[in-house]
Amino acid sequence: MTLRLFAKTRGNKALYRLLLIFLFLFCFTAILLKINIFKLEHVEKNSPSNSNGNNLEEEEIVSPPTVGVDFMGEVKFVNLPSKEHGSPDLKLVTQGGEDPDPEVYQKRLFIKKMMEDAWGEYKKYAWGTNELMPMTRIGRTGGDIYGNVNLGATIIDSLSTLFIMGMDDEFEKARAWVEKEYNLSEHCNEVSLFETNIRILGGFLSAFALTNDTLFLEKAKDVGERLLPAFDTSTGIPHPRVRLCRPQASGSEISIAELGSLHLEFVYLSILTKDYRYYDKVYKLRRHLRKIAGGGVYHDSVSIYDGQFTSSWTSIGGGADSFYEYLVKSWIQLGKAEDLEMYHTAIQAMIDAGMMRTSPQNHFLYFGKVFTGGQADSSFSHLACFAGAMFALGSVSDRRSRTKTRDMDIAKNLTNTCHESYDRAKTKLGPESFSFRPESFSFRRDAEAMSSSYDAQYYILRPEVVESYFTLYRLTGDNKYREWGWEAAQAIEKYCKAREGGGYSGITNVNNLYPHKDDVQQTFFLAETLKYLYLLFSSPNLIHLDNWVFNTEAHPLPVKGKNPMFSPFT
């Protein structure tokens, strides 16, 4: 039929030309469709469940949408071109970023002064040790998470904060110590895989991303290599503890927070070094966990030996928290749809399991621990208050999500609950954990979101609540989060300051107006709490959430396609 039609039209030149044009357009359209189908298949084939990870640079990655916010509170999505070296429309702002409002600027100066005091006391009395004891003014090793040896943890954990705050002279002093005195080969004790990864490896990677100083990259490569022996198991589930001087590790089980919070750092290290062992190991963990989690329910710990869950409960607090956090943040970092799907499935499974609840008196939203038999625990922890930030990021980073409105509502309500735990304490600082069981308070309406246990009334300078304030402010523009952050900063200054011009200490009871201090200035106070407060009172362009994703120690790492430091050597 086609040949007969073609033969007849040869005698009619006009009709002949039209037919040739039609055939050309038909073939061109078919080629375009074939290319698009190939791209879709290529994305599917290179998911973590189908790829060995060694061709990461060749993968077709779906970039999460860029989020912009006007200060009427409306979230806007702007899809920038997905380029390895970022969009020319985005200028990275890593220092400066003052808010034009003079009152906000003064509050930021106040936060910076807190950092100067905390750092100054550490430098004067505890230099090279892991932590400052601000009351007695000596240094300490910080316990077994650092192997009871001094690794200069406060120095490394403070690098990104010092740089962002423009404390350039202090940053250079810290850099000089790293270059001349930092040496893991001198220490042979076992350290925490999790803490070493988020504080030391994360600290070095972030310092490199902020400065392009290869000293920090070389140190990061050294740390990463020393952590790899933890994975020498038959299951690929890492030991929770590893020796720094030789390939040896220990521990029979590991929490999902510990094994799930390696992802951002290991992926970025693979990108920088072209050594995909790190990438392969964390995606192997992801695939395994997804396989053993029936319906997306993840119990809090896993056996090293058989790779099965060992705990009988599911939670979003300590032991599980940053596992969920890194699911959505790895999607933001790399844009792999598999990570986003795993995050959404896990969140829906928690909701379906009855973990999300409201308190009986005030209807405060929280996520309780749920046991295998269906029993539930009606309490919430300070550590779990990170979830306000997580749900907010999950809501805005997936523009196709059908639950984005629900998830932003959850984010706001969880953050409100955590603010209540601060506001209801006499010091205006939140306790380590708080309860919603009415029987614990004789049905006192004002007792919800307060600690019912004496041994949980302490505050150790934790960052999770102000982390959610910062994230919600950036994504909604609602000024109440700045107001809440300022309340927290003033309370820390009033009740945690060791002395005028001195460092900061945790307190043992948030309901005592003359609290006893625990004499520990945690490294995360400088790495996280003060950084989030400083950024809360800065312009949104400073460490913009389009360009950076924070690891669970608040060290900013670059986002693929939005930040040239994601892959600076290509």
# chains A, B, ... in the order shown; residues from 1 in each chain; ligands from 1
>>> select_by_dssp(residues="range 280-423 of chain A", states="helix (DSSP H, G or I)", output="ChimeraX atom specification")
/A:280-292,294-296,321-334,337-352,383-397,404-423
>>> closest_atom_pairs(of="range 186-284 of chain A", to="range 554-569 of chain A", cutoff="7 Å", atoms="only C-alpha atoms", output="CSV")
residue,atom,partner,partner_atom,distance
A:Gly202,CA,A:His555,CA,6.3
A:Gly203,CA,A:His555,CA,6.2
A:Ser206,CA,A:Leu557,CA,5.5
A:Ala209,CA,A:Met565,CA,5.6
A:Ile271,CA,A:Ser567,CA,6.4
A:Leu272,CA,A:Ser567,CA,6.3
>>> write_last_selection(atoms="N, CA and C atoms", output="PDB file, in the first residue's frame")
ATOM      1  N   GLY A 202      32.904  13.362  58.480  1.00  0.00           N
ATOM      2  CA  GLY A 202      31.995  14.418  58.035  1.00  0.00           C
ATOM      3  C   GLY A 202      32.584  15.800  58.201  1.00  0.00           C
ATOM      4  N   GLY A 203      33.314  16.006  59.300  1.00  0.00           N
ATOM      5  CA  GLY A 203      33.946  17.300  59.529  1.00  0.00           C
ATOM      6  C   GLY A 203      34.983  17.632  58.479  1.00  0.00           C
ATOM      7  N   SER A 206      33.253  18.203  54.939  1.00  0.00           N
ATOM      8  CA  SER A 206      32.589  19.502  54.884  1.00  0.00           C
ATOM      9  C   SER A 206      33.604  20.638  54.785  1.00  0.00           C
ATOM     10  N   ALA A 209      34.680  20.780  51.274  1.00  0.00           N
ATOM     11  CA  ALA A 209      33.641  21.316  50.394  1.00  0.00           C
ATOM     12  C   ALA A 209      33.504  22.830  50.530  1.00  0.00           C
ATOM     13  N   ILE A 271      32.662   9.917  45.440  1.00  0.00           N
ATOM     14  CA  ILE A 271      32.646  10.884  44.339  1.00  0.00           C
ATOM     15  C   ILE A 271      33.987  11.600  44.228  1.00  0.00           C
ATOM     16  N   LEU A 272      34.536  12.008  45.368  1.00  0.00           N
ATOM     17  CA  LEU A 272      35.775  12.784  45.367  1.00  0.00           C
ATOM     18  C   LEU A 272      36.986  11.941  45.002  1.00  0.00           C
TER      19      LEU A 272
END
>>> atom_distance(atom1="CA of Asp117 in chain A", atom2="CA of Asn197 in chain A")
26.8 Å
>>> residues_around(residues="His187 in chain A", least_positions_apart="2", cutoff="12 Å", atoms="only C-alpha atoms", output="list in words")
Tyr146, Gly147, Asn148, Val149, Asn150, Leu151, Tyr182, Asn183, Leu184, Ser185, Asn189, Glu190, Val191, Arg226, Val242, Arg243, Leu244, Cys245 and Arg246 of chain A
>>> write_last_selection(atoms="N, CA and C atoms", output="PDB file, in the first residue's frame")
ATOM      1  N   TYR A 146      35.402   7.747  71.467  1.00  0.00           N
ATOM      2  CA  TYR A 146      36.691   8.116  70.874  1.00  0.00           C
ATOM      3  C   TYR A 146      37.801   7.162  71.307  1.00  0.00           C
ATOM      4  N   GLY A 147      37.444   6.026  71.869  1.00  0.00           N
ATOM      5  CA  GLY A 147      38.449   5.073  72.308  1.00  0.00           C
ATOM      6  C   GLY A 147      39.238   5.529  73.510  1.00  0.00           C
ATOM      7  N   ASN A 148      38.671   6.489  74.272  1.00  0.00           N
ATOM      8  CA  ASN A 148      39.352   7.028  75.454  1.00  0.00           C
ATOM      9  C   ASN A 148      40.720   7.619  75.131  1.00  0.00           C
ATOM     10  N   VAL A 149      40.871   8.097  73.903  1.00  0.00           N
ATOM     11  CA  VAL A 149      42.097   8.808  73.525  1.00  0.00           C
ATOM     12  C   VAL A 149      41.697  10.132  72.882  1.00  0.00           C
ATOM     13  N   ASN A 150      42.592  11.097  72.936  1.00  0.00           N
ATOM     14  CA  ASN A 150      42.283  12.428  72.423  1.00  0.00           C
ATOM     15  C   ASN A 150      42.576  12.527  70.932  1.00  0.00           C
ATOM     16  N   LEU A 151      41.525  12.808  70.173  1.00  0.00           N
ATOM     17  CA  LEU A 151      41.622  12.943  68.728  1.00  0.00           C
ATOM     18  C   LEU A 151      41.405  14.379  68.266  1.00  0.00           C
ATOM     19  N   TYR A 182      47.443  16.336  64.080  1.00  0.00           N
ATOM     20  CA  TYR A 182      46.439  15.273  63.971  1.00  0.00           C
ATOM     21  C   TYR A 182      47.069  14.044  63.330  1.00  0.00           C
ATOM     22  N   ASN A 183      46.968  12.894  64.009  1.00  0.00           N
ATOM     23  CA  ASN A 183      47.584  11.672  63.494  1.00  0.00           C
ATOM     24  C   ASN A 183      46.885  10.457  64.091  1.00  0.00           C
ATOM     25  N   LEU A 184      46.033   9.820  63.296  1.00  0.00           N
ATOM     26  CA  LEU A 184      45.301   8.658  63.794  1.00  0.00           C
ATOM     27  C   LEU A 184      46.203   7.449  64.000  1.00  0.00           C
ATOM     28  N   SER A 185      47.348   7.410  63.338  1.00  0.00           N
ATOM     29  CA  SER A 185      48.241   6.253  63.468  1.00  0.00           C
ATOM     30  C   SER A 185      48.778   6.090  64.879  1.00  0.00           C
ATOM     31  N   ASN A 189      43.167   2.367  69.913  1.00  0.00           N
ATOM     32  CA  ASN A 189      41.959   1.922  70.599  1.00  0.00           C
ATOM     33  C   ASN A 189      40.779   1.866  69.634  1.00  0.00           C
ATOM     34  N   GLU A 190      39.766   1.133  70.039  1.00  0.00           N
ATOM     35  CA  GLU A 190      38.546   1.057  69.240  1.00  0.00           C
ATOM     36  C   GLU A 190      37.711   2.324  69.413  1.00  0.00           C
ATOM     37  N   VAL A 191      37.155   2.802  68.307  1.00  0.00           N
ATOM     38  CA  VAL A 191      36.289   3.976  68.337  1.00  0.00           C
ATOM     39  C   VAL A 191      34.928   3.601  67.760  1.00  0.00           C
ATOM     40  N   ARG A 226      40.446   3.825  57.180  1.00  0.00           N
ATOM     41  CA  ARG A 226      40.541   3.190  58.496  1.00  0.00           C
ATOM     42  C   ARG A 226      39.192   2.663  58.986  1.00  0.00           C
ATOM     43  N   VAL A 242      35.550   0.042  65.617  1.00  0.00           N
ATOM     44  CA  VAL A 242      36.654  -0.299  64.737  1.00  0.00           C
ATOM     45  C   VAL A 242      37.939   0.300  65.293  1.00  0.00           C
ATOM     46  N   ARG A 243      39.054  -0.436  65.119  1.00  0.00           N
ATOM     47  CA  ARG A 243      40.362   0.092  65.522  1.00  0.00           C
ATOM     48  C   ARG A 243      40.909   0.995  64.423  1.00  0.00           C
ATOM     49  N   LEU A 244      41.576   2.051  64.833  1.00  0.00           N
ATOM     50  CA  LEU A 244      42.093   3.012  63.865  1.00  0.00           C
ATOM     51  C   LEU A 244      43.470   2.642  63.338  1.00  0.00           C
ATOM     52  N   CYS A 245      44.197   1.790  64.075  1.00  0.00           N
ATOM     53  CA  CYS A 245      45.589   1.525  63.707  1.00  0.00           C
ATOM     54  C   CYS A 245      45.768   0.239  62.918  1.00  0.00           C
ATOM     55  N   ARG A 246      44.800  -0.664  62.970  1.00  0.00           N
ATOM     56  CA  ARG A 246      44.912  -1.922  62.229  1.00  0.00           C
ATOM     57  C   ARG A 246      43.519  -2.431  61.885  1.00  0.00           C
TER      58      ARG A 246
END
>>> residues_around(residues="Arg424 in chain A", least_positions_apart="2", cutoff="9 Å", atoms="only C-alpha atoms", output="list in words")
His419, Glu420, Ser421, Tyr422, Lys426, Thr427, Lys428, Leu429, Gly430, Asp446, Ala447, Glu448, Ala449, Met450 and Asn511 of chain A
>>> closest_residue(among="A:Thr471, A:Ser301, A:Thr141, A:Thr529", to="Ala488 in chain A", atoms="only C-alpha atoms")
A:Thr529
>>> residues_around(residues="Ser433 in chain A", least_positions_apart="6", cutoff="7 Å", atoms="only C-alpha atoms", output="MDAnalysis selection string")
chainID A and resid 380:382 451 456
>>> write_last_selection(atoms="C-alpha atoms", output="CSV table (one decimal), in the first residue's frame")
chain,number,residue,atom,x,y,z
A,380,PHE,CA,9.1,11.3,72.9
A,381,SER,CA,12.8,12.2,73.1
A,382,HIS,CA,14.9,15.3,72.4
A,451,SER,CA,9.6,14.9,81.8
A,456,ALA,CA,15.5,12.2,82.0
>>> closest_residue(among="A:Lys180, A:Glu172, A:Ala498, A:Tyr278", to="Val223 in chain A", atoms="only C-alpha atoms")
A:Tyr278
>>> select_by_dssp(residues="range 277-413 of chain A", states="strand (DSSP E or B)", output="ChimeraX atom specification")
/A:301-303,309,313-314,356-358,365-367,369-371,376-377,379-381
>>> write_last_selection(atoms="N, CA and C atoms", output="tab-separated table (two decimals), in the first residue's frame")
chain	number	residue	atom	x	y	z
A	301	SER	N	17.63	-2.42	65.68
A	301	SER	CA	19.00	-2.96	65.65
A	301	SER	C	19.06	-4.22	64.80
A	302	VAL	N	20.28	-4.52	64.32
A	302	VAL	CA	20.50	-5.60	63.36
A	302	VAL	C	21.69	-6.44	63.81
A	303	SER	N	21.61	-7.75	63.61
A	303	SER	CA	22.71	-8.66	63.94
A	303	SER	C	23.80	-8.58	62.87
A	309	PHE	N	16.96	-8.41	62.07
A	309	PHE	CA	16.67	-7.49	63.17
A	309	PHE	C	16.76	-8.21	64.50
A	313	TRP	N	11.26	-3.63	68.73
A	313	TRP	CA	10.52	-2.38	68.65
A	313	TRP	C	10.97	-1.54	67.46
A	314	THR	N	10.11	-0.61	67.12
A	314	THR	CA	10.37	0.36	66.07
A	314	THR	C	10.20	1.75	66.67
A	356	MET	N	2.48	7.34	65.00
A	356	MET	CA	2.11	8.75	65.06
A	356	MET	C	0.85	8.91	65.90
A	357	ARG	N	0.94	9.74	66.94
A	357	ARG	CA	-0.17	9.90	67.87
A	357	ARG	C	-0.34	11.34	68.28
A	358	THR	N	-1.45	11.60	68.93
A	358	THR	CA	-1.67	12.90	69.56
A	358	THR	C	-1.95	12.67	71.04
A	365	LEU	N	1.24	16.41	68.80
A	365	LEU	CA	1.63	15.32	67.91
A	365	LEU	C	3.00	14.78	68.32
A	366	TYR	N	3.16	13.45	68.28
A	366	TYR	CA	4.46	12.83	68.56
A	366	TYR	C	4.49	11.44	67.94
A	367	PHE	N	5.66	10.84	67.88
A	367	PHE	CA	5.83	9.48	67.39
A	367	PHE	C	6.31	8.62	68.56
A	369	LYS	N	7.25	4.86	70.49
A	369	LYS	CA	7.88	3.57	70.20
A	369	LYS	C	6.80	2.49	70.17
A	370	VAL	N	6.86	1.60	69.17
A	370	VAL	CA	5.89	0.52	69.04
A	370	VAL	C	6.62	-0.81	69.07
A	371	PHE	N	6.12	-1.75	69.90
A	371	PHE	CA	6.73	-3.07	70.03
A	371	PHE	C	6.05	-4.06	69.09
A	376	ALA	N	2.60	0.05	72.94
A	376	ALA	CA	3.17	1.34	72.55
A	376	ALA	C	3.66	2.10	73.76
A	377	ASP	N	4.67	2.91	73.53
A	377	ASP	CA	5.23	3.76	74.58
A	377	ASP	C	4.84	5.20	74.29
A	379	SER	N	5.93	8.25	74.92
A	379	SER	CA	6.95	9.25	75.25
A	379	SER	C	7.67	9.66	73.98
A	380	PHE	N	8.39	10.75	74.08
A	380	PHE	CA	9.12	11.31	72.95
A	380	PHE	C	10.44	11.84	73.48
A	381	SER	N	11.47	11.82	72.65
A	381	SER	CA	12.80	12.22	73.12
A	381	SER	C	13.29	13.46	72.41
>>> residues_around(residues="Leu414 in chain A", least_positions_apart="3", cutoff="6 Å", atoms="only C-alpha atoms", output="list in words")
Leu365, Gly388, Ile410, Ala411 and Thr417 of chain A
>>> atom_distance(atom1="CA of Leu227 in chain A", atom2="CA of Gly152 in chain A")
17.7 Å
>>> residues_around(residues="Tyr459 in chain A", least_positions_apart="6", cutoff="6 Å", atoms="only C-alpha atoms", output="list in words")
Pro431, Glu432, Gly506 and Ile507 of chain A
>>> write_last_selection(atoms="C-alpha atoms", output="PDB file, in the first residue's frame")
ATOM      1  CA  PRO A 431      14.483  17.616  78.804  1.00  0.00           C
ATOM      2  CA  GLU A 432      16.136  14.530  77.344  1.00  0.00           C
ATOM      3  CA  GLY A 506      24.884  20.744  80.179  1.00  0.00           C
ATOM      4  CA  ILE A 507      22.528  20.889  83.163  1.00  0.00           C
TER       5      ILE A 507
END
>>> closest_residue(among="A:Lys336, A:Asn362, A:Ala489, A:Tyr326", to="Gly394 in chain A", atoms="only C-alpha atoms")
A:Tyr326
>>> closest_residue(among="A:Gln248, A:Thr273, A:Ser158, A:Thr403", to="Thr214 in chain A", atoms="only C-alpha atoms")
A:Thr273
>>> closest_residue(among="A:Tyr283, A:Ile164, A:Glu253, A:Thr310", to="Glu338 in chain A", atoms="only C-alpha atoms")
A:Tyr283
>>> closest_residue(among="A:Lys219, A:His344, A:His239, A:Arg175", to="Asp398 in chain A", atoms="only C-alpha atoms")
A:His344
>>> decode(residues="range 272-398 of chain A", atoms="C-alpha atoms", output="PDB file, in the first residue's frame")
ATOM      1  CA  LEU A 272      35.775  12.784  45.367  1.00  0.00           C
ATOM      2  CA  THR A 273      38.185   9.841  45.262  1.00  0.00           C
ATOM      3  CA  LYS A 274      36.635   7.756  42.452  1.00  0.00           C
ATOM      4  CA  ASP A 275      36.943   4.881  44.925  1.00  0.00           C
ATOM      5  CA  TYR A 276      33.500   3.272  44.859  1.00  0.00           C
ATOM      6  CA  ARG A 277      34.054   0.839  47.712  1.00  0.00           C
ATOM      7  CA  TYR A 278      32.367   3.339  50.016  1.00  0.00           C
ATOM      8  CA  TYR A 279      29.386   3.845  47.719  1.00  0.00           C
ATOM      9  CA  ASP A 280      28.986   0.098  47.215  1.00  0.00           C
ATOM     10  CA  LYS A 281      29.009  -0.662  50.919  1.00  0.00           C
ATOM     11  CA  VAL A 282      26.313   1.820  51.917  1.00  0.00           C
ATOM     12  CA  TYR A 283      24.033   0.870  49.042  1.00  0.00           C
ATOM     13  CA  LYS A 284      24.501  -2.788  49.883  1.00  0.00           C
ATOM     14  CA  LEU A 285      23.291  -1.937  53.396  1.00  0.00           C
ATOM     15  CA  ARG A 286      20.286  -0.101  51.974  1.00  0.00           C
ATOM     16  CA  ARG A 287      19.342  -3.043  49.759  1.00  0.00           C
ATOM     17  CA  HIS A 288      19.687  -5.497  52.623  1.00  0.00           C
ATOM     18  CA  LEU A 289      17.606  -3.459  55.064  1.00  0.00           C
ATOM     19  CA  ARG A 290      14.862  -2.964  52.514  1.00  0.00           C
ATOM     20  CA  LYS A 291      14.819  -6.714  51.921  1.00  0.00           C
ATOM     21  CA  ILE A 292      14.381  -7.684  55.599  1.00  0.00           C
ATOM     22  CA  ALA A 293      11.942  -4.880  56.472  1.00  0.00           C
ATOM     23  CA  GLY A 294       8.495  -6.334  55.981  1.00  0.00           C
ATOM     24  CA  GLY A 295       6.266  -3.592  54.632  1.00  0.00           C
ATOM     25  CA  GLY A 296       8.912  -0.977  55.311  1.00  0.00           C
ATOM     26  CA  VAL A 297       8.983  -1.475  59.097  1.00  0.00           C
ATOM     27  CA  TYR A 298      12.548  -1.164  60.419  1.00  0.00           C
ATOM     28  CA  HIS A 299      13.369  -2.432  63.892  1.00  0.00           C
ATOM     29  CA  ASP A 300      16.033  -0.541  65.796  1.00  0.00           C
ATOM     30  CA  SER A 301      18.998  -2.964  65.655  1.00  0.00           C
ATOM     31  CA  VAL A 302      20.501  -5.604  63.362  1.00  0.00           C
ATOM     32  CA  SER A 303      22.708  -8.656  63.936  1.00  0.00           C
ATOM     33  CA  ILE A 304      26.181  -8.581  62.418  1.00  0.00           C
ATOM     34  CA  TYR A 305      26.133 -12.356  61.933  1.00  0.00           C
ATOM     35  CA  ASP A 306      22.806 -13.189  60.282  1.00  0.00           C
ATOM     36  CA  GLY A 307      21.753  -9.736  59.149  1.00  0.00           C
ATOM     37  CA  GLN A 308      18.345  -9.944  60.830  1.00  0.00           C
ATOM     38  CA  PHE A 309      16.667  -7.490  63.165  1.00  0.00           C
ATOM     39  CA  THR A 310      17.447  -8.130  66.829  1.00  0.00           C
ATOM     40  CA  SER A 311      15.179  -5.614  68.574  1.00  0.00           C
ATOM     41  CA  SER A 312      11.460  -6.027  69.145  1.00  0.00           C
ATOM     42  CA  TRP A 313      10.519  -2.380  68.652  1.00  0.00           C
ATOM     43  CA  THR A 314      10.373   0.364  66.071  1.00  0.00           C
ATOM     44  CA  SER A 315      11.030   3.992  66.926  1.00  0.00           C
ATOM     45  CA  ILE A 316      12.131   7.324  65.531  1.00  0.00           C
ATOM     46  CA  GLY A 317      14.302   8.263  68.519  1.00  0.00           C
ATOM     47  CA  GLY A 318      17.835   7.333  69.560  1.00  0.00           C
ATOM     48  CA  GLY A 319      19.056   4.190  67.807  1.00  0.00           C
ATOM     49  CA  ALA A 320      16.886   4.819  64.750  1.00  0.00           C
ATOM     50  CA  ASP A 321      16.660   8.591  64.219  1.00  0.00           C
ATOM     51  CA  SER A 322      19.328   9.405  61.658  1.00  0.00           C
ATOM     52  CA  PHE A 323      18.588   6.250  59.624  1.00  0.00           C
ATOM     53  CA  TYR A 324      15.339   7.887  58.513  1.00  0.00           C
ATOM     54  CA  GLU A 325      16.997  11.293  58.268  1.00  0.00           C
ATOM     55  CA  TYR A 326      19.582   9.959  55.812  1.00  0.00           C
ATOM     56  CA  LEU A 327      16.950   8.329  53.592  1.00  0.00           C
ATOM     57  CA  VAL A 328      15.531  11.689  52.559  1.00  0.00           C
ATOM     58  CA  LYS A 329      18.870  13.500  52.700  1.00  0.00           C
ATOM     59  CA  SER A 330      20.547  11.004  50.374  1.00  0.00           C
ATOM     60  CA  TRP A 331      17.739  11.680  47.891  1.00  0.00           C
ATOM     61  CA  ILE A 332      18.488  15.385  48.185  1.00  0.00           C
ATOM     62  CA  GLN A 333      22.250  14.781  47.903  1.00  0.00           C
ATOM     63  CA  LEU A 334      22.289  12.451  44.901  1.00  0.00           C
ATOM     64  CA  GLY A 335      18.776  12.432  43.417  1.00  0.00           C
ATOM     65  CA  LYS A 336      18.368   8.648  43.249  1.00  0.00           C
ATOM     66  CA  ALA A 337      14.678   7.754  43.137  1.00  0.00           C
ATOM     67  CA  GLU A 338      15.323   4.524  45.060  1.00  0.00           C
ATOM     68  CA  ASP A 339      16.272   6.509  48.161  1.00  0.00           C
ATOM     69  CA  LEU A 340      13.130   8.627  47.955  1.00  0.00           C
ATOM     70  CA  GLU A 341      10.930   5.565  47.532  1.00  0.00           C
ATOM     71  CA  MET A 342      12.533   3.908  50.553  1.00  0.00           C
ATOM     72  CA  TYR A 343      11.933   7.050  52.621  1.00  0.00           C
ATOM     73  CA  HIS A 344       8.262   7.360  51.691  1.00  0.00           C
ATOM     74  CA  THR A 345       7.659   3.656  52.315  1.00  0.00           C
ATOM     75  CA  ALA A 346       9.291   3.824  55.753  1.00  0.00           C
ATOM     76  CA  ILE A 347       7.327   6.917  56.801  1.00  0.00           C
ATOM     77  CA  GLN A 348       4.022   5.419  55.694  1.00  0.00           C
ATOM     78  CA  ALA A 349       4.850   2.170  57.514  1.00  0.00           C
ATOM     79  CA  MET A 350       5.471   4.078  60.760  1.00  0.00           C
ATOM     80  CA  ILE A 351       2.146   5.861  60.430  1.00  0.00           C
ATOM     81  CA  ASP A 352       0.305   2.631  59.569  1.00  0.00           C
ATOM     82  CA  ALA A 353       1.887   0.926  62.589  1.00  0.00           C
ATOM     83  CA  GLY A 354       0.334   3.514  64.896  1.00  0.00           C
ATOM     84  CA  MET A 355       3.536   5.312  65.840  1.00  0.00           C
ATOM     85  CA  MET A 356       2.112   8.751  65.062  1.00  0.00           C
ATOM     86  CA  ARG A 357      -0.171   9.897  67.873  1.00  0.00           C
ATOM     87  CA  THR A 358      -1.673  12.897  69.561  1.00  0.00           C
ATOM     88  CA  SER A 359      -1.656  13.438  73.307  1.00  0.00           C
ATOM     89  CA  PRO A 360      -5.006  13.031  75.088  1.00  0.00           C
ATOM     90  CA  GLN A 361      -5.151  16.444  76.740  1.00  0.00           C
ATOM     91  CA  ASN A 362      -3.512  18.991  74.435  1.00  0.00           C
ATOM     92  CA  HIS A 363      -3.431  16.979  71.205  1.00  0.00           C
ATOM     93  CA  PHE A 364       0.319  17.381  70.818  1.00  0.00           C
ATOM     94  CA  LEU A 365       1.634  15.321  67.909  1.00  0.00           C
ATOM     95  CA  TYR A 366       4.457  12.826  68.557  1.00  0.00           C
ATOM     96  CA  PHE A 367       5.832   9.477  67.390  1.00  0.00           C
ATOM     97  CA  GLY A 368       5.866   6.780  70.062  1.00  0.00           C
ATOM     98  CA  LYS A 369       7.879   3.575  70.203  1.00  0.00           C
ATOM     99  CA  VAL A 370       5.888   0.516  69.043  1.00  0.00           C
ATOM    100  CA  PHE A 371       6.732  -3.066  70.030  1.00  0.00           C
ATOM    101  CA  THR A 372       6.204  -6.186  67.938  1.00  0.00           C
ATOM    102  CA  GLY A 373       3.133  -7.227  69.916  1.00  0.00           C
ATOM    103  CA  GLY A 374       1.484  -3.871  69.340  1.00  0.00           C
ATOM    104  CA  GLN A 375       2.267  -2.318  72.734  1.00  0.00           C
ATOM    105  CA  ALA A 376       3.167   1.340  72.550  1.00  0.00           C
ATOM    106  CA  ASP A 377       5.234   3.757  74.575  1.00  0.00           C
ATOM    107  CA  SER A 378       3.763   7.232  75.069  1.00  0.00           C
ATOM    108  CA  SER A 379       6.946   9.248  75.251  1.00  0.00           C
ATOM    109  CA  PHE A 380       9.119  11.315  72.946  1.00  0.00           C
ATOM    110  CA  SER A 381      12.796  12.219  73.124  1.00  0.00           C
ATOM    111  CA  HIS A 382      14.869  15.297  72.422  1.00  0.00           C
ATOM    112  CA  LEU A 383      16.786  13.250  69.844  1.00  0.00           C
ATOM    113  CA  ALA A 384      13.515  12.556  68.005  1.00  0.00           C
ATOM    114  CA  CYS A 385      12.858  16.286  67.657  1.00  0.00           C
ATOM    115  CA  PHE A 386      15.040  16.206  64.531  1.00  0.00           C
ATOM    116  CA  ALA A 387      11.959  14.774  62.795  1.00  0.00           C
ATOM    117  CA  GLY A 388      10.362  18.182  62.327  1.00  0.00           C
ATOM    118  CA  ALA A 389      13.236  19.089  60.022  1.00  0.00           C
ATOM    119  CA  MET A 390      13.130  15.696  58.312  1.00  0.00           C
ATOM    120  CA  PHE A 391       9.425  15.821  57.473  1.00  0.00           C
ATOM    121  CA  ALA A 392       9.781  19.391  56.203  1.00  0.00           C
ATOM    122  CA  LEU A 393      12.653  18.443  53.895  1.00  0.00           C
ATOM    123  CA  GLY A 394      10.742  15.387  52.706  1.00  0.00           C
ATOM    124  CA  SER A 395       7.716  17.523  51.926  1.00  0.00           C
ATOM    125  CA  VAL A 396       9.464  20.108  49.772  1.00  0.00           C
ATOM    126  CA  SER A 397      12.122  17.951  48.097  1.00  0.00           C
ATOM    127  CA  ASP A 398       9.606  15.706  46.318  1.00  0.00           C
TER     128      ASP A 398
END
